[in-house]
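*Asks:* Below you'll find the structure I mean.
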Amino acid sequence: MSLALSAQEKAVASGHDGAAMAMRIVAESARLLGAPRLIPIASAHIDGALYHGDSGTLFAERLVDGGAEVAVRSTLNVGALDLMGCSRVRLEEPARGMARRMMEAYRKLGCEQSWTCAPYQAGHRPAQGSDVAWGESNAVVFCNSVLGARTNRYGDFLDIACAISGRAPDYGLHRAENRRARLVFDVSCLSASFLGSEIAWPVLGSLYGREVGNAVGVVTGISSHPGEDALKAFGAAAASSGAVGLFHIAGVTPEAPDAETVLAGGRPETVIRVTPEMVAKARAGLSTAATQNAIDAVAIGSPHLSSAEFEALEQLISGRRLRVPIYACTGRHVLTTLEQSGRRKTLEASGVVIVADTCVVVTPILPELGNGVLMTNSGKFAQYAPGNTGYAVLYGSLADCVESAVIGKPRFTDIAA
Amino acid sequence: MSAAAEILVPGSGGKGAALVLTAPISFWGGVDPKNGRIADVRHPQHGESIAGRVLFLPGTIGSSSASAVLLELVHNGHAPAALVLHEPDAILLLGLIVAREMGWQTPLALRLGCDQFERFRGKRLNVGLEGSIDIDTQNTTSSPTL
């Protein structure tokens with residue numbers, strides 16, 4: 001099947017400006033993917049403004065010089081700098097200057113200065129069934145699964161090219177037939193106390209991603225909606241341990257009123273019956289530190305913390321002073337609320353380091369230690385911190401993270417699956 | 001001995017020693033964008049450099065930042081001389097598409113079944129603009145063994 005462009009798309013692609021460059025990039029990608037056509041999109045979330053090297057900055061500036069502008073609403077994922085000045089990023093020149101130029105170029109292209117990996121909690125919520133082009137794996141999986149909008153995983157360059165052209169390849173999860181579940185992930189054997197606990201969702205997400213890879217599955221055995229922050233944690237963990245772009249939860253997510261409706265052909269090809277042993281193993285696998293004797297830092301907020309998660313953090317700290325800092329990553333949409341309520345001052349006085357616009361695994365913020373240990377409640381931080389920061393990881397609930405930071409050494413509460 | 005491969009992304013032909021990977025690789029996190037070294041400690045070819053090589057890829061692990069790593073390698077002169085893929089990977093090859101749009105000299109990307117990779121191992125190769133892969137018999141004896 002070869003790609004057919006409309007007369008208007010061809011006309012744009014034949015130009016010499018930034019819009020032409022964007023259209024050609026989308027069309028060439030569509031050709032490599034085997035997509036028959038391009039489809040219009042309603043919005044974009046751009047992951048491409050995180051500095052990986054000078055070439056990405058030069059690309060964005062070429063688009064700006066060519067007069068390109070986004071054609072649809074486009075929010076920005078995290079950058080490499082904390083532009084709000086809450087935390088200190090140890091990125092040296094000339095990389096620092098290039099990272100700043102890159103962030104500036106994306107602003108000039110008309111993108112919103114959201115700088116968050118949780119745009120869906122910063123007011124960017126496309127309608128169910130609409131086609132969008134989103135980047136950042138946790139945002140992609142949330143957009144598809146919880147909002148029911150349709151996107152593939154759009155990475156660097158293609159995300160902004162789609163935003164400028166207002167088009168995406170008709171392929172993958174944009175097509176209804178590819179959104180049906182092929183397997184069942186049944187958690188009905190797990191205890192109600194575990195399923196109600198805070199660690200259930202990131203741990204199950206990590207297990208789910210490893211079990212299903214890039215397949216679409218439906219989770220069964222959940223009796224009530226666990227809340228948006230739980231689904232956010234599940235999706236982020238699943239998308240970082242596997243290549244999950246879409247999951248369904250029977251009775252919870254919008255395309256799965258029940259398992260039968262969302263299963264392709266009404267029946268699963270595979271049923272994964274999750275046992276307490278599988279959960280215990282997945283939970284243990286999130287920690288990489290050899291011993292549980294000491295921690296150097298706690299990091300939370302991958303994906304970025306919501307206002308509700310900051311409330312929980314403040315309650316757990318309850319005015320105590322931390323012996324080990326808690327790095328709390330969030331977006332400026334939450335920072336504004338924290339400042340208005342006076343909560344930022346209270347948290348910082350306790351020893352919390354608020355990180356805005358970026359996070360501790362994408363840019364150097366944590367002190368450089370030879371063999372540091374980081375404690376976290378995030379399945380995604382647990383996945384990426386060892387490779388990106390050099391810190392070994394201990395995984396625990398938010399309550400355990402806070403108690404550990406207060407007493408200065410790790411403490412764990414047992415929650416049986 | 002030669003093969004004619006399908007062109008996935010056009011580019012300049014090139015010469016280089018073959019590097020036949022024996023396991024799929026993720027460019028993001030798996031290849032150092034500064035110098036082209038395979039940085040993934042779990043990869044069988046860990047420590048090898050892909051810079052200037054004719055790189056045979058049996059598979060790729062899709063990271064959405066793979067294209068950024070490849071673009072950076074093209075820009076800083078550490079890209080492979082050519083890429084030969086068993087299966088097209090749109091995300092990785094996007095790095096070459098963008099490099100072409102930037103007007104940078106980019107390597108050719110070809111498609112060839114991985115059952116044909118083995119005979120190129122350890123050889124110096126000439127890759128032609130039109131997709132031909134030929135063993136450079138004059139220089140092969142002095143090439144690194146891989």
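Residue numbers start at 1 in each chain; chains themselves are named A, B, ... in the order of the structure tokens; ligands are numbered from 1 in the order shown.
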For chain A, report every residue with an atom at most 9 Å from chain B (counting only C-alpha atoms), formatted as a ChimeraX atom specification.
*Replies:* /A:21,24-25,28-33,48,52-56,58-59,62,135-137,153-158,243,387-388
*Asks:* Could you write out, as number ranges by chain, all the residues of chain B that DSSP marks as strand (DSSP E or B)?
*Replies:* B: 2-4, 6-9, 12, 14-20, 25, 31, 37-38, 49, 54-57, 60, 82-85, 107-111, 124-127, 132-135
*Asks:* Mind giving me the straight-line distance from CA of Ser132 (chain B) to CA of Pro36 (chain A) in Å, one decimal?
*Replies:* 28.4 Å
*Asks:* Hey, what's within 10 Å of Ala289 (chain A) if we count only C-alpha atoms and toss same-chain stuff fewer than 2 positions away? As a ChimeraX atom specification, please?
*Replies:* /A:286-287,291-295,371-375,386,391-395
*Asks:* I want to know what sits within 9 Å of Ala328 (chain A), based on only C-alpha atoms, with residues of the same chain fewer than 2 positions away left out; could you give that as a list of chain:residue names?
*Replies:* A:Val298, A:Ala299, A:Ile300, A:Gly301, A:His304, A:Leu305, A:Phe310, A:Ile326, A:Thr330, A:Val352, A:Val353, A:Ile354, A:Val355, A:Ala356, A:Cys359
*Asks:* Got a sec: who's within 12 Å of Gly67 (chain A), counting only C-alpha atoms, leaving out chain neighbours fewer than 5 positions off, as a ChimeraX atom specification?
*Replies:* /A:16-22,60-62,105,108-110,164
*Asks:* Export C-alpha atoms of the chosen residues as an mmCIF file, in the first residue's frame?
*Replies:*
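So the final result, stored in part_13.cif, reads:
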data_model
loop_
_atom_site.group_PDB
_atom_site.id
_atom_site.type_symbol
_atom_site.label_atom_id
_atom_site.label_comp_id
_atom_site.auth_asym_id
_atom_site.auth_seq_id
_atom_site.Cartn_x
_atom_site.Cartn_y
_atom_site.Cartn_z
ATOM 1 C CA HIS A 16 10.798 25.783 0.715
ATOM 2 C CA ASP A 17 9.727 26.979 4.172
ATOM 3 C CA GLY A 18 9.444 25.402 7.610
ATOM 4 C CA ALA A 19 5.896 24.210 6.964
ATOM 5 C CA ALA A 20 7.121 22.325 3.862
ATOM 6 C CA MET A 21 9.906 20.687 5.859
ATOM 7 C CA ALA A 22 7.406 19.569 8.527
ATOM 8 C CA ALA A 60 14.134 23.545 15.925
ATOM 9 C CA GLU A 61 15.838 26.819 14.966
ATOM 10 C CA ARG A 62 15.660 25.849 11.265
ATOM 11 C CA ALA A 105 12.841 27.849 19.692
ATOM 12 C CA LYS A 108 8.676 30.645 19.090
ATOM 13 C CA LEU A 109 7.003 27.841 17.137
ATOM 14 C CA GLY A 110 3.873 28.596 19.160
ATOM 15 C CA ILE A 164 3.083 22.190 12.358
#
*Asks:* What's around region 119-129 of chain B at 12 Å? Count only C-alpha atoms, leave out sequence neighbours fewer than 2 positions away in its own chain, and write the answer as number ranges by chain.
*Replies:* B: 1-22, 52-56, 80-84, 106-110, 112, 114-117, 131-146
*Asks:* What is the distance between CA of Ser224 (chain A) and CA of Tyr208 (chain A), in Å to one decimal?
*Replies:* 19.0 Å
